Every structure is written in C-alpha cells, then in structure tokens.
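Visitor: Sharing a structure below in structure tokens format, with a few things to ask.
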Amino acid sequence: MDATLQYLLGLLDLERIEHDIFRGDSHQSVIPRVFGGQVAAQALVAGSRTVPEGRLAHSLHSYFLRPGDPGAPIVYTVDRIRDGRSFTTRRVVAVQHGQPIFHLSASFQELEEGLEHQEEMPTVPDPETLPTADELLPRHAERFVDPAVVQLLLDARRAVDLRYVNEPPFATPGIPREPRSQVWFRVNGKLDGEFDSPVSHLCLATYVSDMTLLDSVLLAHGRGGWTVGDIVGASLDHAMWFHRPFRADEWLLYDTDSPTAQGGRGLARGRIFTRDGRLAVSVIQEGLMRVPRG
C-alpha cells in the first residue's frame with residue numbers, strides 16, 4: 001500500500017478516549033486551516049464507530065463553524081440520538097481549543113431492498129487518457145500567486161489520484177465557462193485487511209468530496225480560485241447521500257455543477273458514479289465566495 005495512503009488511513013483511524021469521545025490528528029493543509037474533507041471524514045468515522053453492526057451511513061448533513069487549527073488535535077463527541085429498528089441517528093461535534101469547529105448529523109441504515117432508479121452517467125473520457133496531477137499542475141505554475149503552491153498541492157493530494165476531465169478553474173482565469181466540473185478520482189493503492197471495509201470507502205469518498213466541488217461555481221465567473229488569488233472562499237456546509245456500494249480504490253467520476261451564486265455564496269451539486277455507471281453518492285455544498293477588495 002502506498003505510504004501516503006497509509007498516512008491518510010492513519011489520519012482517519014481515530015483514538016477512542018472515552019465511550020463516545022474520539023480524538024484525531026490533522027495534517028498540514030495548503031491553506032492555513034484544517035481541510036474540510038478531513039474533519040467531515042473523521043466525524044463520520046466517529047459516528048460510525050457507535051452504531052449497531054451492519055448499519056452504514058446513508059446520509060450526512062454538516063456545518064463548518066470555525067476554521068480548524070491544523071497544528072492541534074480535534075476531539076469528536078458523539079451523541080446517540082436514536083437507535084430504531086432499521087435506522088440509527090448520530091450527532092457529532094468536533095472541538096478544538098474548547099470551541100466547536102464542525103457539526104455533523106448522520107443517519108445509518110441496515111441494507112434493505114426496494115424501488116430503484118437513477119440518472120444516467122455522463123459520457124466522459126477514460127481516466128487513463130487524462131493527465132495526472134504531476135503532469136497538470138506544473139503547466140500552470142505561472143498563474144498561481146506563489147509557484148511553490150504547485151508542490152504544496154501535490155503533497156497535500158498525494159494519497160489521491162485526481163484527474164480533471166476538462167481544464168480546471170486555475171487554468172482559465174478570466175474566462176467564464178459552463179458551471180460544470182468533472183474529475184475522476186481514486187485513492188493511490190488498494191485497500192486491504194482491516195481498512196478494506198464499507199465504512200473506510202464511505203469515509204475516503206467523504207474526504208475527497210470537498211476537494212473540487214466548488215470548482216463549478218468558480219468556472220461560471222471565470223475565477224481561478226484561491227491559488228490564483230481572485231477569490232476568497234471556504235466551505236460553509238456539506239451534505240451527502242450514499243446510494244449504492246462503491247470502492248474508493250477504484251475509479252469514480254465526480255460530476256459537479258452550480259445552479260446559483262448570490263450574496264457572497266455559491267451552491268454546488270455533485271454526483272459520484274462508479275466506472276460501470278452506478279450512481280453511488282450525491283453531494284451538495286454551499287461555499288463562501290468573495291471577490292478580494294483592492
């Protein structure tokens with residue numbers, strides 16, 4: 001298994017310090033705060049460790065309350081809201097320095113058969129035909145406020161193989177485009193042993209889901225993003241619905257769009273498909289989107 005993937009899995013392997021209290025570390029992010037996907041994934045890990053066996057998360061709804069400190073551990077407190085015959089509900093609060101930084105509510109369900117339909121997967125190029133991050137990012141170093149960001153981004157995403165179907169926002173700043181972004185992703189390495197569990201795959205997808213979701217908002221306005229210096233932003237909330245089984249170590253298509261932006265906020269929607277066309281996850285997020293002054 002790749003060393004960077006082992007590190008990421010270790011980051012998600014929380015320490016249990018009380019019956020329903022867990023502690024997790026943070027890794028240094030490219031931005032001076034905890035990466036939102038990390039705290040969301042860790043909170044889902046904490047909640048998952050308190051539910052009856054055989055129940056997996058089918059939805060989560062969360063709010064980012066304060067910027068997290070990447071240099072300090074995060075304590076996750078789980079409230080056991082309800083254990084029903086088929087569903088379980090948990091609330092998780094992430095705390096640093098005595099203050100809540102993140103709040104998550106998640107619902108878990110036993111596997112059940114029922115009515116089924118889904119949207120069709122869009123037609124896109126195969127991931128093997130697309131440039132890797134190591135090939136793509138250096139091409140655009142001159143567009144970044146600081147060219148050193150290229151290496152920081154590569155290091156921060158080393159555990160994930162993420163490939164853009166079309167040019168990312170930082171490649172075409174100043175040119176408004178269709179508010180739609182598509183990327184293929186998978187973690188770098190096969191999960192095995194204790195880490196090859198349905199919960200691990202859910203939490204890894206949650207981690208990655210915050211990486212490119214707001215790109216669709218940037219594209220609509222020709223903004224390159226914080227690396228280019230033409231936008232100031234942050235995730236405000238994050239919701240996910242898990243529909244069908246998937247593996248985070250196999251290629252997944254993340255298809256996102258943005259229906260609206262207003263009031264300094266932009267809304268993005270995402271759909272995650274397995275390579276064989278099954279709709280696995282739906283995602284919605286609102287993000288802070290402010291144009292720098294001066």
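To be explicit about the labels: the chains of the structure tokens are called A, B, and onward in the order shown, and within each one the residues are counted from 1, while ligands get numbers from 1 in the order they are shown.
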Could you list, as a VMD selection string, every residue within 7 Å of Trp184 in chain A, counting only C-alpha atoms and ignoring same-chain residues fewer than 3 positions away?

Guide: chain A and resid 127 162 to 164 251 to 254

Visitor: I need the chosen residues saved as an mmCIF file, in the first residue's frame, with all heavy atoms.

Guide:
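That gives us part-v5.cif:
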```cif
data_model
loop_
_atom_site.group_PDB
_atom_site.id
_atom_site.type_symbol
_atom_site.label_atom_id
_atom_site.label_comp_id
_atom_site.auth_asym_id
_atom_site.auth_seq_id
_atom_site.Cartn_x
_atom_site.Cartn_y
_atom_site.Cartn_z
ATOM 1 N N PRO A 127 -10.267 7.653 -17.478
ATOM 2 C CA PRO A 127 -9.283 8.345 -16.633
ATOM 3 C C PRO A 127 -7.839 8.132 -17.092
ATOM 4 O O PRO A 127 -6.998 9.028 -16.931
ATOM 5 C CB PRO A 127 -9.520 7.748 -15.244
ATOM 6 C CG PRO A 127 -10.263 6.476 -15.480
ATOM 7 C CD PRO A 127 -11.068 6.693 -16.711
ATOM 8 N N LEU A 162 -6.249 12.180 -8.731
ATOM 9 C CA LEU A 162 -7.378 13.008 -9.154
ATOM 10 C C LEU A 162 -7.062 13.588 -10.527
ATOM 11 O O LEU A 162 -6.043 14.268 -10.694
ATOM 12 C CB LEU A 162 -7.631 14.110 -8.126
ATOM 13 C CG LEU A 162 -8.910 14.923 -8.259
ATOM 14 C CD1 LEU A 162 -9.367 15.410 -6.885
ATOM 15 C CD2 LEU A 162 -8.690 16.127 -9.167
ATOM 16 N N ARG A 163 -7.927 13.327 -11.504
ATOM 17 C CA ARG A 163 -7.668 13.741 -12.880
ATOM 18 C C ARG A 163 -8.862 14.515 -13.448
ATOM 19 O O ARG A 163 -9.986 14.005 -13.477
ATOM 20 C CB ARG A 163 -7.367 12.518 -13.755
ATOM 21 C CG ARG A 163 -6.253 11.648 -13.185
ATOM 22 C CD ARG A 163 -5.809 10.582 -14.148
ATOM 23 N NE ARG A 163 -4.840 9.686 -13.519
ATOM 24 C CZ ARG A 163 -4.075 8.820 -14.175
ATOM 25 N NH1 ARG A 163 -4.163 8.747 -15.492
ATOM 26 N NH2 ARG A 163 -3.230 8.045 -13.520
ATOM 27 N N TYR A 164 -8.600 15.740 -13.882
ATOM 28 C CA TYR A 164 -9.643 16.599 -14.447
ATOM 29 C C TYR A 164 -10.012 16.135 -15.849
ATOM 30 O O TYR A 164 -9.137 15.893 -16.694
ATOM 31 C CB TYR A 164 -9.163 18.042 -14.506
ATOM 32 C CG TYR A 164 -9.211 18.774 -13.187
ATOM 33 C CD1 TYR A 164 -8.131 18.751 -12.309
ATOM 34 C CD2 TYR A 164 -10.336 19.514 -12.817
ATOM 35 C CE1 TYR A 164 -8.179 19.429 -11.098
ATOM 36 C CE2 TYR A 164 -10.394 20.192 -11.613
ATOM 37 C CZ TYR A 164 -9.308 20.146 -10.758
ATOM 38 O OH TYR A 164 -9.353 20.821 -9.565
ATOM 39 N N TRP A 251 -11.767 3.623 -9.795
ATOM 40 C CA TRP A 251 -12.090 4.918 -10.384
ATOM 41 C C TRP A 251 -13.548 5.308 -10.154
ATOM 42 O O TRP A 251 -14.462 4.517 -10.372
ATOM 43 C CB TRP A 251 -11.807 4.911 -11.881
ATOM 44 C CG TRP A 251 -10.355 4.976 -12.243
ATOM 45 C CD1 TRP A 251 -9.609 4.020 -12.856
ATOM 46 C CD2 TRP A 251 -9.475 6.090 -12.006
ATOM 47 N NE1 TRP A 251 -8.309 4.455 -13.020
ATOM 48 C CE2 TRP A 251 -8.199 5.723 -12.509
ATOM 49 C CE3 TRP A 251 -9.623 7.342 -11.422
ATOM 50 C CZ2 TRP A 251 -7.093 6.577 -12.446
ATOM 51 C CZ3 TRP A 251 -8.528 8.191 -11.348
ATOM 52 C CH2 TRP A 251 -7.285 7.811 -11.851
ATOM 53 N N LEU A 252 -13.740 6.550 -9.711
ATOM 54 C CA LEU A 252 -15.059 7.139 -9.504
ATOM 55 C C LEU A 252 -15.116 8.468 -10.254
ATOM 56 O O LEU A 252 -14.157 9.246 -10.219
ATOM 57 C CB LEU A 252 -15.316 7.379 -8.021
ATOM 58 C CG LEU A 252 -15.339 6.129 -7.131
ATOM 59 C CD1 LEU A 252 -15.279 6.526 -5.656
ATOM 60 C CD2 LEU A 252 -16.586 5.290 -7.412
ATOM 61 N N LEU A 253 -16.219 8.729 -10.925
ATOM 62 C CA LEU A 253 -16.410 10.001 -11.632
ATOM 63 C C LEU A 253 -17.182 10.964 -10.737
ATOM 64 O O LEU A 253 -18.273 10.643 -10.276
ATOM 65 C CB LEU A 253 -17.179 9.789 -12.935
ATOM 66 C CG LEU A 253 -17.489 11.084 -13.700
ATOM 67 C CD1 LEU A 253 -16.217 11.714 -14.253
ATOM 68 C CD2 LEU A 253 -18.503 10.825 -14.821
ATOM 69 N N TYR A 254 -16.601 12.136 -10.507
ATOM 70 C CA TYR A 254 -17.245 13.185 -9.698
ATOM 71 C C TYR A 254 -17.723 14.271 -10.652
ATOM 72 O O TYR A 254 -16.943 15.077 -11.151
ATOM 73 C CB TYR A 254 -16.227 13.733 -8.702
ATOM 74 C CG TYR A 254 -16.799 14.499 -7.525
ATOM 75 C CD1 TYR A 254 -18.157 14.538 -7.262
ATOM 76 C CD2 TYR A 254 -15.947 15.179 -6.655
ATOM 77 C CE1 TYR A 254 -18.660 15.225 -6.169
ATOM 78 C CE2 TYR A 254 -16.435 15.871 -5.556
ATOM 79 C CZ TYR A 254 -17.789 15.891 -5.320
ATOM 80 O OH TYR A 254 -18.285 16.588 -4.224
#
```

Visitor: If we count only C-alpha atoms, what is near His97 in chain A at a cut-off of 10 Å, once residues fewer than 5 positions away on the same chain are taken out, given as a ChimeraX atom specification?

Guide: /A:68-69,72-75

Visitor: Just checking: using only C-alpha atoms, which residue out of A:Thr206, A:Thr274, A:Thr77, A:Gln151 ends up closest to Leu12 in chain A?

Guide: A:Thr206

Visitor: Which is closer to Val208 in chain A than all the others in A:Leu104, A:Val78, A:Val39, A:Val93, using only C-alpha atoms?

Guide: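 Once distances to Val208 in chain A are computed over only C-alpha atoms, the minimum belongs to A:Val39.
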
Visitor: Residues of range 185-232 of chain A classed as alpha helix (DSSP H) by DSSP on the backbone are to be reported as a count of residues only.

Guide: 18

Visitor: Excluding Gly287 in chain A and its own-chain neighbours fewer than 5 positions away, which residues fall within 12 Å of it when counting only C-alpha atoms? Please give them as a PyMOL selection string.

Guide: chain A and resi 36+63-64+210+212-218+231-238+258+260-269

Visitor: Pick out the closest residue to Arg157 in chain A from this set: A:Val92, A:Leu8, A:Val51, A:Leu14. Count only C-alpha atoms.

Guide: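 Of all the options, A:Leu8 lies closest to Arg157 in chain A.
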
Visitor: Between A:Val149, A:Leu279, A:Val45, A:Val187, which has the minimum distance to Phe242 in chain A (counting only C-alpha atoms)?

Guide: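 Nearest to Phe242 in chain A: A:Leu279.
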
Visitor: Could you name the residues that touch Lys190 in chain A at 9 Å or less, counting only C-alpha atoms, but leaving out those on the same chain fewer than 2 positions away, as a ChimeraX atom specification?

Guide: /A:1-2,187-188,192,196,248-250

Visitor: Please measure the separation of CA of Val165 in chain A and CA of Gln182 in chain A, giving the value in Å to one decimal.

Guide: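 Here the two named atoms are 5.5 Å from each other.
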
Visitor: Using only C-alpha atoms, pick whichever of A:His103, A:Arg223, A:Arg33, A:His201 has the shortest atom-to-atom distance to Arg143 in chain A.

Guide: A:Arg223

Visitor: Looking only at strand (DSSP E) from DSSP on the backbone, list the matching residues of range 78-256 of chain A as a VMD selection string.

Guide: chain A and resid 78 to 83 87 to 96 99 to 110 160 to 164 180 to 187 232 to 235 237 to 242 252 to 256

Visitor: Do you know which residues are at most 12 Å from Glu112 in chain A counting only C-alpha atoms, after dropping those on the same chain fewer than 4 positions away, and could you put them as a PDB file with C-alpha atoms, in the first residue's frame?

Guide:
```pdb
ATOM      1  CA  GLY A  54     -24.445  -3.856   9.796  1.00  0.00           C
ATOM      2  CA  ARG A  55     -25.687  -0.258   9.588  1.00  0.00           C
ATOM      3  CA  LEU A  56     -23.921   2.094   7.194  1.00  0.00           C
ATOM      4  CA  HIS A  58     -26.870   6.683   4.030  1.00  0.00           C
ATOM      5  CA  SER A  86     -33.832  -0.048  10.852  1.00  0.00           C
ATOM      6  CA  PHE A  87     -32.262   3.393  11.255  1.00  0.00           C
ATOM      7  CA  PHE A 108     -27.374   4.961   9.258  1.00  0.00           C
ATOM      8  CA  GLU A 116     -34.703   1.594  -7.680  1.00  0.00           C
ATOM      9  CA  HIS A 243     -26.927   5.360  -2.583  1.00  0.00           C
ATOM     10  CA  ARG A 244     -25.018   2.279  -3.736  1.00  0.00           C
TER      11      ARG A 244
END
```

Visitor: Do you know which residues are at most 12 Å from Pro173 in chain A counting only C-alpha atoms, after dropping those on the same chain fewer than 6 positions away, and could you put them as a ChimeraX atom specification?

Guide: /A:140,143-144,167,215,218-231

Visitor: Taking only C-alpha atoms into account, which of A:Arg139, A:Ala280, A:Met240, A:Val34 comes nearest Phe170 in chain A?

Guide: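 Among the listed residues, the smallest separation from Phe170 in chain A belongs to A:Arg139.
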
Visitor: In Å, with one decimal, what is the gap from CA of Asp79 in chain A to CA of Glu286 in chain A?

Guide: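 It comes out at 25.3 Å.
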